[in-house]
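Note sheet for the following structure.
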Amino acid sequence: MLSTILQQNLFALVFRHLQIVADSTNLLIIAVLMEALSIYVMTNRLTNVGADPPDIWFGCSEDKLYNFLEEIGPIGRQAYTDVNTWDFFPYMPSYMM
(Lines give C-alpha, C1' and ligand atoms only; values in the text may rest on other atoms or scores of the structure.)
Protein backbone atom coordinates (compact mmCIF):
# COMPACT_ATOMS: atom_id res chain seq x y z
CA MET A 1 0.00 0.00 0.00
CA LEU A 2 2.83 2.41 0.83
CA SER A 3 4.44 1.56 -2.50
CA THR A 4 1.23 2.44 -4.33
CA ILE A 5 0.98 5.78 -2.53
CA LEU A 6 4.60 6.60 -3.38
CA GLN A 7 4.03 5.68 -7.02
CA GLN A 8 0.92 7.87 -7.20
CA ASN A 9 2.76 10.81 -5.63
CA LEU A 10 5.72 10.41 -7.96
CA PHE A 11 3.39 10.14 -10.94
CA ALA A 12 1.53 13.30 -9.85
CA LEU A 13 4.81 15.16 -9.25
CA VAL A 14 6.20 14.38 -12.68
CA PHE A 15 3.10 14.57 -14.82
CA ARG A 16 1.50 17.58 -13.14
CA HIS A 17 4.07 19.85 -14.80
CA LEU A 18 3.68 18.15 -18.15
CA GLN A 19 -0.10 18.58 -17.92
CA ILE A 20 0.28 22.29 -17.19
CA VAL A 21 2.34 22.72 -20.36
CA ALA A 22 0.00 20.53 -22.40
CA ASP A 23 -2.98 22.62 -21.30
CA SER A 24 -1.34 25.93 -22.20
CA THR A 25 -0.93 26.80 -25.86
CA ASN A 26 1.67 29.47 -25.08
CA LEU A 27 3.82 27.15 -22.97
CA LEU A 28 3.58 24.43 -25.60
CA ILE A 29 4.72 26.86 -28.30
CA ILE A 30 7.62 27.99 -26.09
CA ALA A 31 8.64 24.36 -25.50
CA VAL A 32 8.66 23.67 -29.25
CA LEU A 33 10.67 26.84 -29.95
CA MET A 34 13.18 25.95 -27.23
CA GLU A 35 13.61 22.48 -28.72
CA ALA A 36 14.17 23.93 -32.19
CA LEU A 37 16.65 26.49 -30.84
CA SER A 38 18.50 23.80 -28.89
CA ILE A 39 18.80 21.55 -31.93
CA TYR A 40 20.10 24.47 -33.99
CA VAL A 41 22.72 25.44 -31.39
CA MET A 42 23.85 21.83 -30.79
CA THR A 43 24.15 21.14 -34.53
CA ASN A 44 26.08 24.36 -35.02
CA ARG A 45 28.48 23.57 -32.15
CA LEU A 46 29.02 20.00 -33.36
CA THR A 47 30.76 21.38 -36.43
CA ASN A 48 33.46 22.67 -34.06
CA VAL A 49 33.93 19.21 -32.54
CA GLY A 50 35.11 17.85 -35.88
CA ALA A 51 33.98 14.24 -35.37
CA ASP A 52 30.92 12.22 -34.45
CA PRO A 53 30.41 12.63 -30.70
CA PRO A 54 30.40 9.62 -28.37
CA ASP A 55 26.70 10.20 -27.71
CA ILE A 56 25.83 8.55 -31.02
CA TRP A 57 28.28 5.66 -30.75
CA PHE A 58 27.03 2.21 -29.88
CA GLY A 59 29.06 1.85 -26.72
CA CYS A 60 32.71 2.70 -26.29
CA SER A 61 35.68 1.83 -24.16
CA GLU A 62 37.47 4.35 -22.00
CA ASP A 63 40.46 4.17 -24.38
CA LYS A 64 38.29 5.04 -27.37
CA LEU A 65 36.73 7.94 -25.48
CA TYR A 66 40.14 9.19 -24.29
CA ASN A 67 41.49 9.02 -27.87
CA PHE A 68 38.44 10.89 -29.16
CA LEU A 69 38.89 13.67 -26.61
CA GLU A 70 42.61 13.83 -27.39
CA GLU A 71 41.92 14.06 -31.14
CA ILE A 72 39.43 16.91 -30.94
CA GLY A 73 41.75 19.06 -28.83
CA PRO A 74 40.83 21.86 -26.44
CA ILE A 75 38.56 23.72 -28.87
CA GLY A 76 36.67 20.55 -29.74
CA ARG A 77 36.36 19.58 -26.07
CA GLN A 78 34.92 23.00 -25.25
CA ALA A 79 32.47 22.69 -28.16
CA TYR A 80 31.50 19.20 -26.99
CA THR A 81 30.94 20.53 -23.45
CA ASP A 82 28.75 23.31 -24.88
CA VAL A 83 26.70 20.77 -26.84
CA ASN A 84 26.17 18.68 -23.70
CA THR A 85 25.16 21.76 -21.74
CA TRP A 86 22.49 22.58 -24.32
CA ASP A 87 21.47 18.92 -24.40
CA PHE A 88 20.79 18.80 -20.65
CA PHE A 89 19.09 22.17 -20.59
CA PRO A 90 17.01 23.36 -22.39
CA TYR A 91 16.74 20.54 -24.97
CA MET A 92 15.81 17.61 -22.69
CA PRO A 93 13.11 19.48 -20.75
CA SER A 94 11.66 20.97 -23.94
CA TYR A 95 11.27 17.67 -25.76
CA MET A 96 9.67 16.14 -22.68
CA MET A 97 6.94 18.76 -22.88
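Every chain in the C-alpha coordinates takes a letter, A first, then B, and so on in the order presented; its residues are numbered from 1, and the ligands are numbered from 1 following the presented order.
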
What's around segment 29-45 of chain A at 8 Å? Count only C-alpha atoms, leave out sequence neighbours fewer than 3 positions away in its own chain, and write the answer as a PDB file with N, CA, C and O atoms, in the first residue's frame.
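Saved as part.pdb:
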ATOM      1  N   THR A  25      -1.431  26.654 -24.495  1.00  0.00           N
ATOM      2  CA  THR A  25      -0.929  26.798 -25.864  1.00  0.00           C
ATOM      3  C   THR A  25       0.376  27.592 -25.883  1.00  0.00           C
ATOM      4  O   THR A  25       1.322  27.221 -26.584  1.00  0.00           O
ATOM      5  N   ASN A  26       0.450  28.648 -25.103  1.00  0.00           N
ATOM      6  CA  ASN A  26       1.667  29.472 -25.083  1.00  0.00           C
ATOM      7  C   ASN A  26       2.875  28.686 -24.581  1.00  0.00           C
ATOM      8  O   ASN A  26       3.960  28.765 -25.158  1.00  0.00           O
ATOM      9  N   ASN A  48      32.180  22.335 -34.690  1.00  0.00           N
ATOM     10  CA  ASN A  48      33.462  22.665 -34.059  1.00  0.00           C
ATOM     11  C   ASN A  48      34.134  21.451 -33.421  1.00  0.00           C
ATOM     12  O   ASN A  48      35.323  21.476 -33.154  1.00  0.00           O
ATOM     13  N   VAL A  49      33.347  20.418 -33.136  1.00  0.00           N
ATOM     14  CA  VAL A  49      33.930  19.206 -32.544  1.00  0.00           C
ATOM     15  C   VAL A  49      34.786  18.497 -33.577  1.00  0.00           C
ATOM     16  O   VAL A  49      35.866  18.005 -33.274  1.00  0.00           O
ATOM     17  N   ALA A  79      33.686  22.757 -27.344  1.00  0.00           N
ATOM     18  CA  ALA A  79      32.471  22.689 -28.160  1.00  0.00           C
ATOM     19  C   ALA A  79      31.608  21.507 -27.729  1.00  0.00           C
ATOM     20  O   ALA A  79      30.381  21.629 -27.633  1.00  0.00           O
ATOM     21  N   TYR A  80      32.240  20.375 -27.439  1.00  0.00           N
ATOM     22  CA  TYR A  80      31.500  19.195 -26.988  1.00  0.00           C
ATOM     23  C   TYR A  80      30.844  19.450 -25.629  1.00  0.00           C
ATOM     24  O   TYR A  80      29.699  19.060 -25.402  1.00  0.00           O
ATOM     25  N   ASP A  82      29.865  22.402 -24.584  1.00  0.00           N
ATOM     26  CA  ASP A  82      28.752  23.308 -24.880  1.00  0.00           C
ATOM     27  C   ASP A  82      27.549  22.545 -25.422  1.00  0.00           C
ATOM     28  O   ASP A  82      26.407  22.830 -25.051  1.00  0.00           O
ATOM     29  N   VAL A  83      27.796  21.577 -26.292  1.00  0.00           N
ATOM     30  CA  VAL A  83      26.702  20.767 -26.840  1.00  0.00           C
ATOM     31  C   VAL A  83      26.002  20.005 -25.716  1.00  0.00           C
ATOM     32  O   VAL A  83      24.773  19.969 -25.649  1.00  0.00           O
ATOM     33  N   TRP A  86      23.765  22.321 -23.645  1.00  0.00           N
ATOM     34  CA  TRP A  86      22.488  22.582 -24.324  1.00  0.00           C
ATOM     35  C   TRP A  86      21.612  21.335 -24.361  1.00  0.00           C
ATOM     36  O   TRP A  86      20.389  21.436 -24.377  1.00  0.00           O
ATOM     37  N   ASP A  87      22.245  20.163 -24.380  1.00  0.00           N
ATOM     38  CA  ASP A  87      21.473  18.922 -24.396  1.00  0.00           C
ATOM     39  C   ASP A  87      20.726  18.740 -23.077  1.00  0.00           C
ATOM     40  O   ASP A  87      19.549  18.389 -23.061  1.00  0.00           O
ATOM     41  N   PRO A  90      18.447  23.537 -22.463  1.00  0.00           N
ATOM     42  CA  PRO A  90      17.006  23.364 -22.393  1.00  0.00           C
ATOM     43  C   PRO A  90      16.435  22.243 -23.270  1.00  0.00           C
ATOM     44  O   PRO A  90      15.236  22.012 -23.265  1.00  0.00           O
ATOM     45  N   TYR A  91      17.273  21.513 -24.022  1.00  0.00           N
ATOM     46  CA  TYR A  91      16.743  20.537 -24.970  1.00  0.00           C
ATOM     47  C   TYR A  91      15.941  19.423 -24.292  1.00  0.00           C
ATOM     48  O   TYR A  91      14.798  19.159 -24.667  1.00  0.00           O
ATOM     49  N   SER A  94      12.596  20.512 -22.912  1.00  0.00           N
ATOM     50  CA  SER A  94      11.658  20.969 -23.941  1.00  0.00           C
ATOM     51  C   SER A  94      11.086  19.809 -24.747  1.00  0.00           C
ATOM     52  O   SER A  94       9.917  19.833 -25.111  1.00  0.00           O
ATOM     53  N   TYR A  95      11.874  18.767 -25.010  1.00  0.00           N
ATOM     54  CA  TYR A  95      11.269  17.667 -25.764  1.00  0.00           C
ATOM     55  C   TYR A  95      10.405  16.780 -24.886  1.00  0.00           C
ATOM     56  O   TYR A  95       9.558  16.047 -25.381  1.00  0.00           O
ATOM     57  N   MET A  97       8.233  18.069 -22.914  1.00  0.00           N
ATOM     58  CA  MET A  97       6.943  18.759 -22.877  1.00  0.00           C
ATOM     59  C   MET A  97       6.109  18.352 -24.062  1.00  0.00           C
ATOM     60  O   MET A  97       4.986  18.297 -24.103  1.00  0.00           O
TER      61      MET A  97
END

Determine which residues of segment 9-57 of chain A receive a DSSP assignment of alpha helix (DSSP H), computed from the backbone, and state them as a PDB file with N, CA and C atoms, in the first residue's frame.
ATOM      1  N   ASN A   9       2.177   9.491  -5.889  1.00  0.00           N
ATOM      2  CA  ASN A   9       2.757  10.810  -5.625  1.00  0.00           C
ATOM      3  C   ASN A   9       3.841  11.153  -6.639  1.00  0.00           C
ATOM      4  N   LEU A  10       4.672  10.193  -6.960  1.00  0.00           N
ATOM      5  CA  LEU A  10       5.719  10.415  -7.957  1.00  0.00           C
ATOM      6  C   LEU A  10       5.099  10.706  -9.311  1.00  0.00           C
ATOM      7  N   PHE A  11       4.096   9.941  -9.674  1.00  0.00           N
ATOM      8  CA  PHE A  11       3.386  10.144 -10.940  1.00  0.00           C
ATOM      9  C   PHE A  11       2.803  11.560 -10.996  1.00  0.00           C
ATOM     10  N   ALA A  12       2.131  11.969  -9.903  1.00  0.00           N
ATOM     11  CA  ALA A  12       1.534  13.303  -9.852  1.00  0.00           C
ATOM     12  C   ALA A  12       2.601  14.385  -9.927  1.00  0.00           C
ATOM     13  N   LEU A  13       3.727  14.178  -9.253  1.00  0.00           N
ATOM     14  CA  LEU A  13       4.808  15.161  -9.247  1.00  0.00           C
ATOM     15  C   LEU A  13       5.384  15.367 -10.643  1.00  0.00           C
ATOM     16  N   VAL A  14       5.608  14.291 -11.346  1.00  0.00           N
ATOM     17  CA  VAL A  14       6.202  14.376 -12.683  1.00  0.00           C
ATOM     18  C   VAL A  14       5.196  14.869 -13.709  1.00  0.00           C
ATOM     19  N   PHE A  15       4.038  14.290 -13.734  1.00  0.00           N
ATOM     20  CA  PHE A  15       3.102  14.569 -14.816  1.00  0.00           C
ATOM     21  C   PHE A  15       2.261  15.818 -14.600  1.00  0.00           C
ATOM     22  N   ARG A  16       2.234  16.342 -13.388  1.00  0.00           N
ATOM     23  CA  ARG A  16       1.502  17.581 -13.143  1.00  0.00           C
ATOM     24  C   ARG A  16       2.095  18.706 -13.986  1.00  0.00           C
ATOM     25  N   HIS A  17       3.416  18.794 -14.024  1.00  0.00           N
ATOM     26  CA  HIS A  17       4.075  19.850 -14.800  1.00  0.00           C
ATOM     27  C   HIS A  17       3.860  19.658 -16.298  1.00  0.00           C
ATOM     28  N   LEU A  18       3.916  18.420 -16.730  1.00  0.00           N
ATOM     29  CA  LEU A  18       3.677  18.151 -18.151  1.00  0.00           C
ATOM     30  C   LEU A  18       2.245  18.507 -18.538  1.00  0.00           C
ATOM     31  N   GLN A  19       1.298  18.248 -17.653  1.00  0.00           N
ATOM     32  CA  GLN A  19      -0.099  18.576 -17.922  1.00  0.00           C
ATOM     33  C   GLN A  19      -0.308  20.082 -17.996  1.00  0.00           C
ATOM     34  N   ILE A  20       0.383  20.826 -17.150  1.00  0.00           N
ATOM     35  CA  ILE A  20       0.280  22.294 -17.186  1.00  0.00           C
ATOM     36  C   ILE A  20       0.739  22.819 -18.548  1.00  0.00           C
ATOM     37  N   VAL A  21       1.846  22.294 -19.045  1.00  0.00           N
ATOM     38  CA  VAL A  21       2.344  22.723 -20.356  1.00  0.00           C
ATOM     39  C   VAL A  21       1.394  22.274 -21.462  1.00  0.00           C
ATOM     40  N   ALA A  22       0.906  21.042 -21.368  1.00  0.00           N
ATOM     41  CA  ALA A  22       0.004  20.531 -22.402  1.00  0.00           C
ATOM     42  C   ALA A  22      -1.300  21.319 -22.461  1.00  0.00           C
ATOM     43  N   ASP A  23      -1.732  21.854 -21.339  1.00  0.00           N
ATOM     44  CA  ASP A  23      -2.984  22.617 -21.300  1.00  0.00           C
ATOM     45  C   ASP A  23      -2.816  24.068 -21.732  1.00  0.00           C
ATOM     46  N   THR A  25      -1.431  26.654 -24.495  1.00  0.00           N
ATOM     47  CA  THR A  25      -0.929  26.798 -25.864  1.00  0.00           C
ATOM     48  C   THR A  25       0.376  27.592 -25.883  1.00  0.00           C
ATOM     49  N   ASN A  26       0.450  28.648 -25.103  1.00  0.00           N
ATOM     50  CA  ASN A  26       1.667  29.472 -25.083  1.00  0.00           C
ATOM     51  C   ASN A  26       2.875  28.686 -24.581  1.00  0.00           C
ATOM     52  N   LEU A  27       2.696  27.939 -23.491  1.00  0.00           N
ATOM     53  CA  LEU A  27       3.816  27.153 -22.967  1.00  0.00           C
ATOM     54  C   LEU A  27       4.219  26.050 -23.936  1.00  0.00           C
ATOM     55  N   LEU A  28       3.266  25.473 -24.620  1.00  0.00           N
ATOM     56  CA  LEU A  28       3.579  24.435 -25.599  1.00  0.00           C
ATOM     57  C   LEU A  28       4.373  25.016 -26.768  1.00  0.00           C
ATOM     58  N   ILE A  29       3.983  26.193 -27.216  1.00  0.00           N
ATOM     59  CA  ILE A  29       4.721  26.858 -28.303  1.00  0.00           C
ATOM     60  C   ILE A  29       6.138  27.190 -27.845  1.00  0.00           C
ATOM     61  N   ILE A  30       6.286  27.680 -26.621  1.00  0.00           N
ATOM     62  CA  ILE A  30       7.618  27.992 -26.088  1.00  0.00           C
ATOM     63  C   ILE A  30       8.473  26.730 -26.015  1.00  0.00           C
ATOM     64  N   ALA A  31       7.891  25.617 -25.584  1.00  0.00           N
ATOM     65  CA  ALA A  31       8.639  24.357 -25.501  1.00  0.00           C
ATOM     66  C   ALA A  31       9.123  23.922 -26.881  1.00  0.00           C
ATOM     67  N   VAL A  32       8.270  24.048 -27.891  1.00  0.00           N
ATOM     68  CA  VAL A  32       8.659  23.670 -29.255  1.00  0.00           C
ATOM     69  C   VAL A  32       9.760  24.593 -29.775  1.00  0.00           C
ATOM     70  N   LEU A  33       9.633  25.887 -29.513  1.00  0.00           N
ATOM     71  CA  LEU A  33      10.669  26.835 -29.949  1.00  0.00           C
ATOM     72  C   LEU A  33      11.999  26.581 -29.244  1.00  0.00           C
ATOM     73  N   MET A  34      11.942  26.253 -27.953  1.00  0.00           N
ATOM     74  CA  MET A  34      13.184  25.950 -27.227  1.00  0.00           C
ATOM     75  C   MET A  34      13.835  24.687 -27.774  1.00  0.00           C
ATOM     76  N   GLU A  35      13.033  23.697 -28.136  1.00  0.00           N
ATOM     77  CA  GLU A  35      13.607  22.480 -28.721  1.00  0.00           C
ATOM     78  C   GLU A  35      14.271  22.791 -30.051  1.00  0.00           C
ATOM     79  N   ALA A  36      13.598  23.573 -30.888  1.00  0.00           N
ATOM     80  CA  ALA A  36      14.173  23.926 -32.191  1.00  0.00           C
ATOM     81  C   ALA A  36      15.462  24.733 -32.014  1.00  0.00           C
ATOM     82  N   LEU A  37      15.455  25.694 -31.100  1.00  0.00           N
ATOM     83  CA  LEU A  37      16.653  26.494 -30.837  1.00  0.00           C
ATOM     84  C   LEU A  37      17.788  25.612 -30.331  1.00  0.00           C
ATOM     85  N   SER A  38      17.477  24.696 -29.433  1.00  0.00           N
ATOM     86  CA  SER A  38      18.500  23.799 -28.886  1.00  0.00           C
ATOM     87  C   SER A  38      19.116  22.935 -29.973  1.00  0.00           C
ATOM     88  N   ILE A  39      18.291  22.386 -30.833  1.00  0.00           N
ATOM     89  CA  ILE A  39      18.796  21.554 -31.927  1.00  0.00           C
ATOM     90  C   ILE A  39      19.701  22.379 -32.835  1.00  0.00           C
ATOM     91  N   TYR A  40      19.285  23.608 -33.137  1.00  0.00           N
ATOM     92  CA  TYR A  40      20.102  24.473 -33.989  1.00  0.00           C
ATOM     93  C   TYR A  40      21.468  24.747 -33.345  1.00  0.00           C
ATOM     94  N   VAL A  41      21.465  25.114 -32.073  1.00  0.00           N
ATOM     95  CA  VAL A  41      22.716  25.436 -31.386  1.00  0.00           C
ATOM     96  C   VAL A  41      23.607  24.202 -31.294  1.00  0.00           C
ATOM     97  N   MET A  42      23.037  23.047 -30.920  1.00  0.00           N
ATOM     98  CA  MET A  42      23.848  21.834 -30.789  1.00  0.00           C
ATOM     99  C   MET A  42      24.436  21.420 -32.133  1.00  0.00           C
ATOM    100  N   THR A  43      23.648  21.498 -33.196  1.00  0.00           N
ATOM    101  CA  THR A  43      24.152  21.143 -34.529  1.00  0.00           C
ATOM    102  C   THR A  43      25.265  22.093 -34.952  1.00  0.00           C
ATOM    103  N   ASN A  44      25.070  23.362 -34.676  1.00  0.00           N
ATOM    104  CA  ASN A  44      26.082  24.362 -35.018  1.00  0.00           C
ATOM    105  C   ASN A  44      27.384  24.117 -34.249  1.00  0.00           C
ATOM    106  N   ARG A  45      27.289  23.806 -32.972  1.00  0.00           N
ATOM    107  CA  ARG A  45      28.483  23.573 -32.154  1.00  0.00           C
ATOM    108  C   ARG A  45      29.170  22.259 -32.502  1.00  0.00           C
ATOM    109  N   LEU A  46      28.404  21.275 -32.991  1.00  0.00           N
ATOM    110  CA  LEU A  46      29.023  19.997 -33.356  1.00  0.00           C
ATOM    111  C   LEU A  46      29.995  20.148 -34.516  1.00  0.00           C
ATOM    112  N   THR A  47      29.801  21.162 -35.341  1.00  0.00           N
ATOM    113  CA  THR A  47      30.758  21.380 -36.433  1.00  0.00           C
ATOM    114  C   THR A  47      32.129  21.727 -35.878  1.00  0.00           C
ATOM    115  N   ASN A  48      32.180  22.335 -34.690  1.00  0.00           N
ATOM    116  CA  ASN A  48      33.462  22.665 -34.059  1.00  0.00           C
ATOM    117  C   ASN A  48      34.134  21.451 -33.421  1.00  0.00           C
ATOM    118  N   VAL A  49      33.347  20.418 -33.136  1.00  0.00           N
ATOM    119  CA  VAL A  49      33.930  19.206 -32.544  1.00  0.00           C
ATOM    120  C   VAL A  49      34.786  18.497 -33.577  1.00  0.00           C
TER     121      VAL A  49
END

May I have the residues within 10 Å of segment 67-71 of chain A as an MDAnalysis selection string, using only C-alpha atoms and disregarding those fewer than 4 positions away in the same chain?
chainID A and resid 49:54 61:63 76:77 80
